[in-house]
file data_2.csv (CSV, C-alpha atoms)
chain,number,residue,atom,x,y,z
A,1,MET,CA,-3.0,-27.3,4.8
A,2,HIS,CA,-0.5,-24.7,3.7
A,3,GLU,CA,2.3,-26.4,5.6
A,4,MET,CA,2.6,-28.7,2.5
A,5,SER,CA,3.4,-25.6,0.4
A,6,LEU,CA,5.9,-24.5,3.0
A,7,ALA,CA,7.5,-27.9,3.2
A,8,GLN,CA,7.8,-27.8,-0.6
A,9,GLY,CA,9.4,-24.4,-0.2
A,10,VAL,CA,12.0,-25.9,2.1
A,11,LEU,CA,12.7,-28.6,-0.4
A,12,ASP,CA,13.1,-26.0,-3.2
A,13,ILE,CA,15.7,-24.2,-1.0
A,14,LEU,CA,17.5,-27.5,-0.4
A,15,GLN,CA,17.7,-28.3,-4.1
A,16,ASP,CA,18.8,-24.8,-5.1
A,17,THR,CA,21.5,-24.8,-2.4
A,18,ALA,CA,22.7,-28.3,-3.4
A,19,ARG,CA,23.2,-27.0,-7.0
A,20,LYS,CA,25.1,-23.9,-5.8
A,21,GLN,CA,27.2,-25.6,-3.1
A,22,GLY,CA,27.7,-29.0,-4.7
A,23,PHE,CA,26.3,-31.6,-2.3
A,24,SER,CA,24.1,-34.5,-2.8
A,25,ARG,CA,22.7,-35.5,0.6
A,26,VAL,CA,21.1,-33.5,3.3
A,27,LYS,CA,21.4,-35.0,6.8
A,28,THR,CA,19.9,-32.3,9.0
A,29,VAL,CA,17.9,-29.2,8.4
A,30,TRP,CA,17.7,-26.4,10.9
A,31,LEU,CA,14.5,-24.5,10.5
A,32,GLU,CA,13.8,-21.3,12.5
A,33,ILE,CA,10.1,-20.9,13.2
A,34,GLY,CA,8.8,-17.9,15.0
A,35,ALA,CA,6.1,-18.2,17.6
A,36,LEU,CA,4.0,-15.8,15.6
A,37,ALA,CA,4.6,-17.4,12.1
A,38,SER,CA,1.4,-18.8,10.8
A,39,VAL,CA,2.8,-22.4,10.8
A,40,ASP,CA,2.4,-25.4,13.0
A,41,PRO,CA,5.7,-27.0,13.7
A,42,GLU,CA,4.3,-30.5,14.0
A,43,ALA,CA,2.4,-30.2,10.7
A,44,ILE,CA,5.5,-29.0,8.9
A,45,ARG,CA,7.4,-31.9,10.3
A,46,PHE,CA,4.8,-34.3,8.9
A,47,CYS,CA,4.8,-32.5,5.5
A,48,PHE,CA,8.6,-32.3,5.4
A,49,ASP,CA,8.8,-36.1,5.7
A,50,ALA,CA,6.3,-36.5,2.9
A,51,VAL,CA,7.8,-34.1,0.4
A,52,THR,CA,11.4,-35.2,0.9
A,53,ARG,CA,10.7,-38.8,0.3
A,54,ASP,CA,13.1,-40.1,-2.5
A,55,THR,CA,14.8,-36.7,-2.7
A,56,LEU,CA,18.3,-35.6,-1.6
A,57,ALA,CA,16.8,-35.0,1.9
A,58,HIS,CA,15.2,-38.4,2.3
A,59,GLY,CA,15.2,-39.3,6.0
A,60,ALA,CA,16.9,-36.0,6.9
A,61,GLU,CA,16.4,-34.9,10.5
A,62,LEU,CA,14.4,-31.7,10.8
A,63,ASP,CA,15.5,-29.6,13.8
A,64,ILE,CA,13.0,-26.8,14.5
A,65,VAL,CA,14.5,-23.9,16.3
A,66,PRO,CA,11.8,-21.9,18.0
A,67,ILE,CA,12.1,-18.1,17.9
A,68,PRO,CA,10.1,-16.1,20.5
A,69,GLY,CA,7.5,-13.6,19.4
A,70,GLN,CA,8.7,-10.0,19.9
A,71,ALA,CA,6.5,-6.9,20.0
A,72,TRP,CA,6.8,-3.2,20.8
A,73,CYS,CA,4.1,-2.1,23.3
A,74,MET,CA,2.9,1.3,22.3
A,75,GLN,CA,1.3,1.8,25.7
A,76,CYS,CA,4.3,1.3,28.0
A,77,CYS,CA,6.9,2.0,25.3
A,78,GLN,CA,9.1,-1.1,25.5
A,79,ALA,CA,10.0,-4.3,23.8
A,80,VAL,CA,8.2,-7.4,25.2
A,81,THR,CA,8.0,-11.1,24.4
A,82,ILE,CA,4.6,-12.6,23.5
A,83,ALA,CA,3.6,-16.2,22.7
A,84,ALA,CA,0.7,-15.4,20.4
A,85,ARG,CA,-0.8,-12.5,18.5
A,86,MET,CA,-3.9,-12.2,20.7
A,87,GLU,CA,-1.8,-11.9,23.9
A,88,PRO,CA,-1.8,-8.7,25.9
A,89,CYS,CA,1.5,-6.9,26.9
A,90,PRO,CA,2.9,-8.9,29.8
A,91,VAL,CA,3.9,-5.6,31.5
A,92,CYS,CA,0.9,-3.3,31.2
A,93,GLY,CA,-1.9,-5.7,30.0
A,94,GLY,CA,-2.6,-3.5,27.0
A,95,TYR,CA,-3.3,-4.7,23.5
A,96,ARG,CA,-1.6,-1.9,21.5
A,97,LEU,CA,1.3,-4.2,20.4
A,98,GLN,CA,3.3,-3.9,17.2
A,99,VAL,CA,4.9,-7.2,16.3
A,100,THR,CA,8.6,-6.7,15.6
A,101,GLY,CA,9.9,-10.2,15.4
A,102,GLY,CA,9.2,-13.9,15.8
A,103,ASP,CA,7.1,-14.1,12.7
A,104,GLU,CA,9.8,-15.6,10.5
A,105,MET,CA,10.2,-19.0,8.9
A,106,ARG,CA,13.7,-19.6,7.6
A,107,VAL,CA,15.9,-22.4,6.6
A,108,LYS,CA,18.9,-21.5,8.8
A,109,GLU,CA,21.5,-24.1,8.1
A,110,LEU,CA,22.0,-27.6,6.7
A,111,GLN,CA,24.3,-30.5,7.5
A,112,VAL,CA,25.2,-32.0,4.2
A,113,GLU,CA,27.5,-34.5,2.6
B,507,MET,CA,17.2,-21.9,28.6
B,508,CYS,CA,19.4,-23.6,26.0
B,509,THR,CA,21.7,-20.8,24.6
B,510,VAL,CA,22.0,-22.6,21.3
B,511,CYS,CA,18.4,-23.2,20.2
B,512,GLY,CA,16.4,-21.3,22.8
B,513,CYS,CA,14.4,-24.3,23.9
B,514,GLY,CA,13.4,-24.7,27.5
B,515,THR,CA,12.6,-22.0,29.9
B,516,GLY,CA,14.2,-20.5,33.0
B,517,GLY,CA,17.8,-21.3,33.8
B,518,GLU,CA,17.7,-24.9,32.9
B,519,ALA,CA,18.3,-26.5,29.5
B,520,VAL,CA,15.6,-28.9,28.5
B,521,HIS,CA,16.8,-31.4,25.9
B,522,SER,CA,14.2,-34.0,25.4
B,523,HIS,CA,15.1,-33.9,21.7
B,524,ASP,CA,18.5,-34.2,20.0
B,525,HIS,CA,19.8,-31.1,18.3
B,526,GLY,CA,23.2,-32.5,17.5
B,527,HIS,CA,24.8,-29.4,19.0
B,528,ALA,CA,28.0,-31.3,19.8
B,529,GLY,CA,30.5,-31.3,16.9
B,530,THR,CA,28.3,-29.4,14.6
B,531,GLY,CA,30.3,-26.2,14.9
B,532,TYR,CA,27.8,-24.1,16.8
B,533,ARG,CA,29.6,-21.5,18.8
B,534,PRO,CA,27.5,-19.2,21.0
B,535,VAL,CA,29.1,-15.7,21.0
B,536,ALA,CA,28.4,-12.5,22.9
B,537,GLY,CA,25.0,-11.0,22.5
B,538,GLY,CA,23.3,-14.4,21.9
B,539,ALA,CA,24.4,-14.5,18.2
B,540,LEU,CA,25.7,-17.8,16.8
B,541,HIS,CA,28.5,-18.5,14.5
B,542,PHE,CA,28.7,-21.6,12.4
B,543,GLY,CA,32.0,-21.1,10.7
B,544,LEU,CA,33.2,-18.2,8.6
B,545,GLY,CA,34.9,-20.0,5.8
B,546,PRO,CA,34.2,-19.5,2.0
B,547,ALA,CA,30.4,-19.4,1.4
B,548,GLY,CA,29.9,-19.6,5.1
B,549,VAL,CA,30.7,-23.3,5.0
B,550,HIS,CA,32.0,-25.1,8.1
B,551,VAL,CA,33.7,-28.4,7.4
B,552,GLY,CA,33.2,-31.0,10.2
B,553,GLY,CA,36.3,-32.7,11.6
B,554,MET,CA,36.3,-36.4,10.8
B,555,SER,CA,33.6,-37.0,8.2
B,556,GLN,CA,32.6,-35.8,4.8
B,557,GLN,CA,29.7,-34.0,6.4
B,558,ARG,CA,29.7,-30.2,6.4
B,559,LEU,CA,27.4,-27.4,7.4
B,560,VAL,CA,26.0,-25.0,4.9
B,561,GLN,CA,24.5,-21.7,6.1
B,562,VAL,CA,21.3,-20.9,4.1
B,563,GLU,CA,19.4,-18.1,5.9
B,564,GLN,CA,16.5,-18.3,3.5
B,565,ASP,CA,12.9,-17.4,4.1
B,566,ILE,CA,10.7,-20.4,3.3
B,567,LEU,CA,8.2,-18.1,1.7
B,568,GLY,CA,11.0,-16.4,-0.2
B,569,LYS,CA,10.0,-17.9,-3.5
B,570,ASN,CA,6.4,-16.8,-3.1
B,571,ASN,CA,7.5,-13.4,-2.0
B,572,GLY,CA,9.7,-13.1,-5.1
B,573,TYR,CA,6.7,-13.8,-7.3
B,574,ALA,CA,4.6,-11.4,-5.2
B,575,GLU,CA,7.1,-8.6,-5.7
B,576,ARG,CA,7.1,-9.2,-9.4
B,577,ASN,CA,3.3,-9.0,-9.5
B,578,ARG,CA,3.4,-5.8,-7.4
B,579,LYS,CA,5.9,-4.2,-9.8
B,580,GLN,CA,3.8,-5.3,-12.8
B,581,LEU,CA,0.6,-3.9,-11.3
B,582,ALA,CA,2.4,-0.6,-10.3
B,583,GLY,CA,3.6,-0.3,-13.9
B,584,HIS,CA,0.0,-0.2,-15.0
B,585,GLU,CA,-1.2,1.7,-12.0
B,586,VAL,CA,-3.5,-1.1,-11.0
B,587,PHE,CA,-4.8,-1.2,-7.4
B,588,ALA,CA,-5.1,-4.8,-6.2
B,589,LEU,CA,-7.0,-6.1,-3.1
B,590,ASN,CA,-6.8,-9.6,-1.7
B,591,LEU,CA,-10.1,-10.5,-0.2
B,592,VAL,CA,-9.9,-13.1,2.5
B,593,SER,CA,-12.6,-14.7,4.7
B,594,SER,CA,-14.2,-18.0,5.7
B,595,PRO,CA,-16.4,-19.7,3.1
B,596,GLY,CA,-19.9,-18.2,3.0
B,597,SER,CA,-19.0,-14.7,4.4
B,598,GLY,CA,-20.5,-13.1,1.3
B,599,LYS,CA,-17.3,-12.2,-0.6
B,600,THR,CA,-18.8,-12.8,-4.1
B,601,THR,CA,-22.0,-10.8,-3.3
B,602,LEU,CA,-19.8,-8.0,-2.0
B,603,LEU,CA,-17.7,-8.1,-5.2
B,604,THR,CA,-20.7,-8.1,-7.6
B,605,ASN,CA,-22.3,-5.2,-5.7
B,606,THR,CA,-19.0,-3.3,-5.7
B,607,ILE,CA,-18.5,-3.9,-9.4
B,608,GLU,CA,-22.0,-2.7,-10.2
B,609,ARG,CA,-21.3,0.6,-8.4
B,610,MET,CA,-17.8,1.2,-9.8
B,611,LYS,CA,-17.6,-0.4,-13.3
B,612,GLY,CA,-18.8,2.8,-15.0
B,613,ASP,CA,-15.8,4.7,-13.5
B,614,LEU,CA,-12.8,2.5,-14.0
B,615,PRO,CA,-11.7,-0.8,-15.5
B,616,ILE,CA,-12.2,-3.7,-13.1
B,617,ALA,CA,-11.1,-7.4,-13.2
B,618,VAL,CA,-11.4,-10.2,-10.8
B,619,ILE,CA,-9.4,-13.3,-10.0
B,620,GLU,CA,-11.4,-16.0,-8.2
B,621,GLY,CA,-9.9,-18.7,-6.1
B,622,ASP,CA,-11.8,-21.8,-5.2
B,623,GLN,CA,-10.9,-25.5,-4.8
B,624,GLN,CA,-13.4,-26.4,-7.5
B,625,THR,CA,-16.0,-25.0,-9.9
B,626,SER,CA,-16.2,-21.8,-11.8
B,627,PHE,CA,-19.5,-20.7,-10.1
B,628,ASP,CA,-18.0,-17.5,-8.7
B,629,ALA,CA,-16.2,-16.4,-11.9
B,630,ASP,CA,-19.5,-17.0,-13.7
B,631,ARG,CA,-21.3,-14.7,-11.2
B,632,ILE,CA,-18.6,-12.0,-11.7
B,633,ARG,CA,-18.7,-12.3,-15.5
B,634,ALA,CA,-22.5,-11.8,-15.4
B,635,THR,CA,-21.7,-8.2,-14.2
B,636,GLY,CA,-19.8,-7.6,-17.5
B,637,VAL,CA,-16.2,-7.5,-16.1
B,638,PRO,CA,-13.5,-10.1,-16.9
B,639,ALA,CA,-12.9,-12.8,-14.4
B,640,ILE,CA,-10.4,-15.6,-14.2
B,641,GLN,CA,-11.2,-18.7,-12.1
B,642,ILE,CA,-8.2,-20.4,-10.4
B,643,ASN,CA,-9.1,-23.8,-9.1
B,644,THR,CA,-6.5,-24.8,-6.5
B,645,GLY,CA,-7.7,-28.5,-6.5
B,646,LYS,CA,-6.5,-29.7,-3.2
B,647,GLY,CA,-4.9,-26.3,-2.3
B,648,CYS,CA,-6.1,-24.2,0.5
B,649,HIS,CA,-4.9,-20.8,-0.6
B,650,LEU,CA,-3.8,-18.8,-3.7
B,651,ASP,CA,-0.1,-18.2,-4.1
B,652,ALA,CA,1.7,-15.4,-6.0
B,653,HIS,CA,2.7,-17.7,-8.8
B,654,MET,CA,-0.9,-18.7,-9.6
B,655,VAL,CA,-1.8,-15.0,-9.6
B,656,GLU,CA,1.0,-14.2,-12.0
B,657,HIS,CA,-0.4,-16.8,-14.5
B,658,ALA,CA,-4.0,-15.4,-14.0
B,659,LEU,CA,-2.7,-11.9,-14.7
B,660,GLU,CA,-1.3,-13.2,-18.1
B,661,GLN,CA,-4.8,-14.3,-19.0
B,662,LEU,CA,-6.6,-11.0,-18.1
B,663,PRO,CA,-6.9,-8.1,-20.5
B,664,PRO,CA,-4.8,-5.0,-19.8
B,665,LEU,CA,-6.2,-3.1,-16.8
B,666,ASP,CA,-4.5,0.3,-16.9
B,667,LYS,CA,-5.4,2.6,-13.9
B,668,GLY,CA,-7.9,0.0,-12.8
B,669,LEU,CA,-9.0,-2.1,-9.9
B,670,LEU,CA,-8.0,-5.8,-9.5
B,671,LEU,CA,-10.1,-7.8,-6.9
B,672,ILE,CA,-8.6,-11.1,-5.9
B,673,GLU,CA,-11.1,-13.3,-4.1
B,674,ASN,CA,-9.0,-15.8,-2.2
B,675,VAL,CA,-10.0,-19.4,-1.2
B,676,GLY,CA,-12.5,-19.3,1.6
B,677,ASN,CA,-10.2,-20.0,4.5
B,678,LEU,CA,-9.3,-17.9,7.6
B,679,VAL,CA,-5.9,-19.7,8.1
B,680,CYS,CA,-3.6,-20.3,5.1
B,681,PRO,CA,-4.1,-17.3,2.9
B,682,ALA,CA,-2.7,-15.1,5.7
B,683,ALA,CA,0.8,-16.3,5.0
B,684,PHE,CA,0.9,-15.8,1.2
B,685,ASP,CA,1.6,-12.3,-0.3
B,686,LEU,CA,0.1,-12.1,-3.8
B,687,GLY,CA,1.4,-8.7,-4.6
B,688,GLU,CA,-1.7,-6.9,-3.5
B,689,ALA,CA,-1.9,-3.4,-2.0
B,690,HIS,CA,-4.0,-4.6,1.0
B,691,LYS,CA,-5.6,-7.7,2.4
B,692,VAL,CA,-9.2,-7.1,3.3
B,693,ALA,CA,-10.8,-9.6,5.8
B,694,ILE,CA,-14.5,-10.1,5.5
B,695,LEU,CA,-16.4,-11.4,8.5
B,696,SER,CA,-20.1,-11.9,8.5
B,697,VAL,CA,-22.2,-11.4,11.6
B,698,THR,CA,-23.5,-15.0,11.3
B,699,GLU,CA,-20.0,-16.3,12.1
B,700,GLY,CA,-19.5,-15.1,15.7
B,701,GLU,CA,-17.6,-12.1,17.1
B,702,ASP,CA,-14.7,-14.2,18.4
B,703,LYS,CA,-13.2,-15.0,15.0
B,704,PRO,CA,-10.5,-12.3,15.2
B,705,LEU,CA,-9.1,-14.1,18.3
B,706,LYS,CA,-9.6,-17.6,16.9
B,707,TYR,CA,-7.8,-16.7,13.6
B,708,PRO,CA,-5.5,-13.9,14.7
B,709,ASP,CA,-3.0,-14.3,11.8
B,710,MET,CA,-5.6,-13.3,9.2
B,711,PHE,CA,-6.8,-10.3,11.1
B,712,HIS,CA,-3.3,-9.3,11.8
B,713,ALA,CA,-2.4,-9.4,8.1
B,714,ALA,CA,-5.5,-7.4,6.9
B,715,SER,CA,-5.6,-3.6,6.7
B,716,LEU,CA,-9.4,-3.6,6.7
B,717,MET,CA,-12.1,-5.7,8.3
B,718,ILE,CA,-15.5,-5.7,6.7
B,719,LEU,CA,-18.3,-6.7,8.9
B,720,ASN,CA,-20.8,-8.1,6.4
B,721,LYS,CA,-24.5,-9.0,6.6
B,722,ILE,CA,-25.2,-6.3,9.2
B,723,ASP,CA,-28.9,-6.5,8.0
B,724,LEU,CA,-29.0,-9.8,9.9
B,725,LEU,CA,-27.9,-8.3,13.3
B,726,PRO,CA,-31.5,-8.2,14.7
B,727,HIS,CA,-31.7,-12.0,14.2
B,728,VAL,CA,-28.3,-13.2,15.5
B,729,ARG,CA,-26.4,-13.0,18.7
B,730,PHE,CA,-23.3,-11.0,17.6
B,731,ASP,CA,-21.6,-8.3,19.7
B,732,VAL,CA,-20.3,-5.8,17.2
B,733,GLU,CA,-18.3,-3.8,19.7
B,734,LYS,CA,-16.7,-6.9,21.2
B,735,CYS,CA,-15.8,-8.1,17.7
B,736,ILE,CA,-14.1,-4.7,16.9
B,737,GLU,CA,-12.2,-4.8,20.2
B,738,TYR,CA,-11.0,-8.4,19.5
B,739,ALA,CA,-9.8,-7.4,16.0
B,740,ARG,CA,-7.9,-4.4,17.4
B,741,ARG,CA,-6.2,-6.7,19.9
B,742,VAL,CA,-4.5,-8.6,17.2
B,743,ASN,CA,-4.1,-5.6,14.9
B,744,PRO,CA,-4.3,-2.1,16.6
B,745,ASP,CA,-4.2,-0.4,13.2
B,746,ILE,CA,-7.0,-2.4,11.5
B,747,GLU,CA,-9.8,-0.3,9.9
B,748,ILE,CA,-13.4,-1.5,10.2
B,749,ILE,CA,-16.4,-1.0,7.9
B,750,ARG,CA,-19.8,-2.3,8.7
B,751,LEU,CA,-22.0,-3.1,5.7
B,752,SER,CA,-24.5,-5.4,4.1
B,753,ALA,CA,-23.6,-6.3,0.5
B,754,GLN,CA,-27.2,-7.6,0.2
B,755,SER,CA,-29.1,-4.4,1.3
B,756,GLY,CA,-26.4,-2.0,0.2
B,757,GLU,CA,-26.1,-0.3,3.6
B,758,GLY,CA,-22.5,0.8,4.2
B,759,MET,CA,-21.4,0.2,0.6
B,760,GLU,CA,-20.7,3.9,0.1
B,761,GLU,CA,-18.1,3.9,2.9
B,762,TRP,CA,-16.4,0.8,1.4
B,763,ILE,CA,-16.3,2.4,-2.1
B,764,ALA,CA,-14.9,5.6,-0.5
B,765,TRP,CA,-12.2,3.5,1.2
B,766,ILE,CA,-11.2,1.9,-2.1
B,767,ARG,CA,-11.0,5.3,-3.8
B,768,ARG,CA,-9.0,6.8,-0.9
B,769,GLU,CA,-6.5,3.9,-0.9
B,770,MET,CA,-6.2,4.1,-4.7
B,771,ARG,CA,-5.2,7.7,-4.4
B,772,ALA,CA,-2.8,6.9,-1.6
B,773,LEU,CA,-1.1,4.2,-3.7
B,774,GLU,CA,-0.9,6.6,-6.6
B,775,GLN,CA,1.1,9.1,-4.4
B,776,THR,CA,3.7,6.4,-3.8
B,777,LEU,CA,4.3,5.9,-7.6
B,778,PRO,CA,7.3,7.8,-9.2
B,779,VAL,CA,6.1,11.2,-10.4
B,780,ALA,CA,6.6,10.2,-14.1
B,781,GLU,CA,4.0,7.5,-13.7
B,782,ARG,CA,1.4,9.8,-12.2
B,783,GLU,CA,-1.2,11.6,-14.3
B,784,PRO,CA,-0.5,15.3,-14.9
B,785,ALA,CA,-2.5,17.4,-12.5
call {"tool": "encode", "arguments": {"input": "data_2.csv", "output": "structure tokens"}}
result
Amino acid sequence: MHEMSLAQGVLDILQDTARKQGFSRVKTVWLEIGALASVDPEAIRFCFDAVTRDTLAHGAELDIVPIPGQAWCMQCCQAVTIAARMEPCPVCGGYRLQVTGGDEMRVKELQVE
Amino acid sequence: MCTVCGCGTGGEAVHSHDHGHAGTGYRPVAGGALHFGLGPAGVHVGGMSQQRLVQVEQDILGKNNGYAERNRKQLAGHEVFALNLVSSPGSGKTTLLTNTIERMKGDLPIAVIEGDQQTSFDADRIRATGVPAIQINTGKGCHLDAHMVEHALEQLPPLDKGLLLIENVGNLVCPAAFDLGEAHKVAILSVTEGEDKPLKYPDMFHAASLMILNKIDLLPHVRFDVEKCIEYARRVNPDIEIIRLSAQSGEGMEEWIAWIRREMRALEQTLPVAEREPA
């Protein structure tokens, strides 16, 4: 369950940012998760609650912002949107797709006090 | 679709969940970009409360990637070529490694980092070939991360102009996300596992540069469609290379060794001229 490591990564970012920006409570975390990132949003929600217990983010709301998967189709030479890596190009049906975006996992923003 | 978070489809916003858009300072601007306040340190201070917004924009895997880059630099400094071998448990990784080591150990220094939840069985098998091996037991963990590999590198003897083989925890899911500082990920799939694995676990086959189809000596005894498997792998990764071999019988091993040598030369070409060997 690598979502636990990822949730720990989120907590590390929160603690680092708290030191740099001087805040002591995190109320909301906006997390950007791409459709092609190897992470399950529900699992990360579960793990986030577990790792933030008794920390500066105890009880914080986790708002997951989905980012669509983007790819360049080498067959029909255009940018397309895909929901998963094994999907064909929605335009030409080919599989020669180069993923160009939507594989990110980022802490986008925090609401703090 | 909600212009703030992108949820919902079509023209309608679907808000079954609460984003807290109102009063948080989100401001959609032209081109779909969002601004959250442009004050010092990107901080937007909310109107009535002590709450404020802090822009972070940090990759969750940033810490791991930082360690991975450090490993990569350290390895490049010693001209070490590192491979991260990933597969499900029982695909024959360790047999492939011992066979590879037997064929290459006379030509260049080799070391192995073994990842398993428990036991040092694999490292013991590697050490029996005469090359150094470090066992990392992840305990409950499902993958190696770059920090673990950094510590393992501290334990290994110097490996100048050598080959570092990292055998990841047997798992086709989690190791895909963690860069260890390797030159390539190599996914090993044995023909006893089923040809549909590249579609079932696309992240892993997408992350790998090479897929090794192992145990091909068993093909007459199992239902496994090699061509279909290759087609599936190329669906998730059009650039993936494929080598069919049997680590047990030795068939196809030459092609694999030749691939390693070719990629070692390719990596050497990317090093600064000063670090290359004189011609």
call {"tool": "closest_residue", "arguments": {"input": "data_2.csv", "among": "B:Asn605, B:Gln556, B:Asn590, B:Ser626", "to": "chain A", "atoms": "all atoms listed in the file"}}
result
B:Gln556
call {"tool": "interface_residues", "arguments": {"input": "data_2.csv", "of": "chain A", "to": "chain B", "cutoff": "7 Å", "atoms": "only C-alpha atoms", "output": "PyMOL selection string"}}
result
chain A and resi 1-2+6+9-10+38+63+65-66+85-86+95-96+105-113
call {"tool": "closest_residue", "arguments": {"input": "data_2.csv", "among": "A:Gln21, A:Glu3, A:Leu31, A:Arg45", "to": "Gly59 (chain A)", "atoms": "all atoms listed in the file"}}
result
A:Arg45
call {"tool": "closest_residue", "arguments": {"input": "data_2.csv", "among": "B:Lys703, B:Leu614, B:Asn643, B:Thr698", "to": "Glu585 (chain B)", "atoms": "all atoms listed in the file"}}
result
B:Leu614
call {"tool": "atom_distance", "arguments": {"input": "data_2.csv", "atom1": "CA of Ala582 (chain B)", "atom2": "CA of Asn720 (chain B)"}}
result
29.6 Å
call {"tool": "atom_distance", "arguments": {"input": "data_2.csv", "atom1": "CA of Glu660 (chain B)", "atom2": "CA of Leu591 (chain B)"}}
result
20.1 Å
call {"tool": "closest_residue", "arguments": {"input": "data_2.csv", "among": "A:Met4, A:Val80, A:Leu62, A:Cys47", "to": "Cys92 (chain A)", "atoms": "all atoms listed in the file"}}
result
A:Val80
call {"tool": "atom_distance", "arguments": {"input": "data_2.csv", "atom1": "CA of Leu665 (chain B)", "atom2": "CA of Arg631 (chain B)"}}
result
19.8 Å
call {"tool": "residues_near_point", "arguments": {"input": "data_2.csv", "point": "(-15.3, -23.2, 3.7)", "cutoff": "10 Å", "atoms": "all atoms listed in the file", "output": "list in words"}}
result
Ser593, Ser594, Pro595, Gly596, Ser597, Asp622, Gln623, Cys648, Val675, Gly676, Asn677 and Leu678 of chain B
call {"tool": "closest_residue", "arguments": {"input": "data_2.csv", "among": "B:Val697, B:Ala772, B:Thr601, B:Leu650", "to": "Ser755 (chain B)", "atoms": "all atoms listed in the file"}}
result
B:Thr601
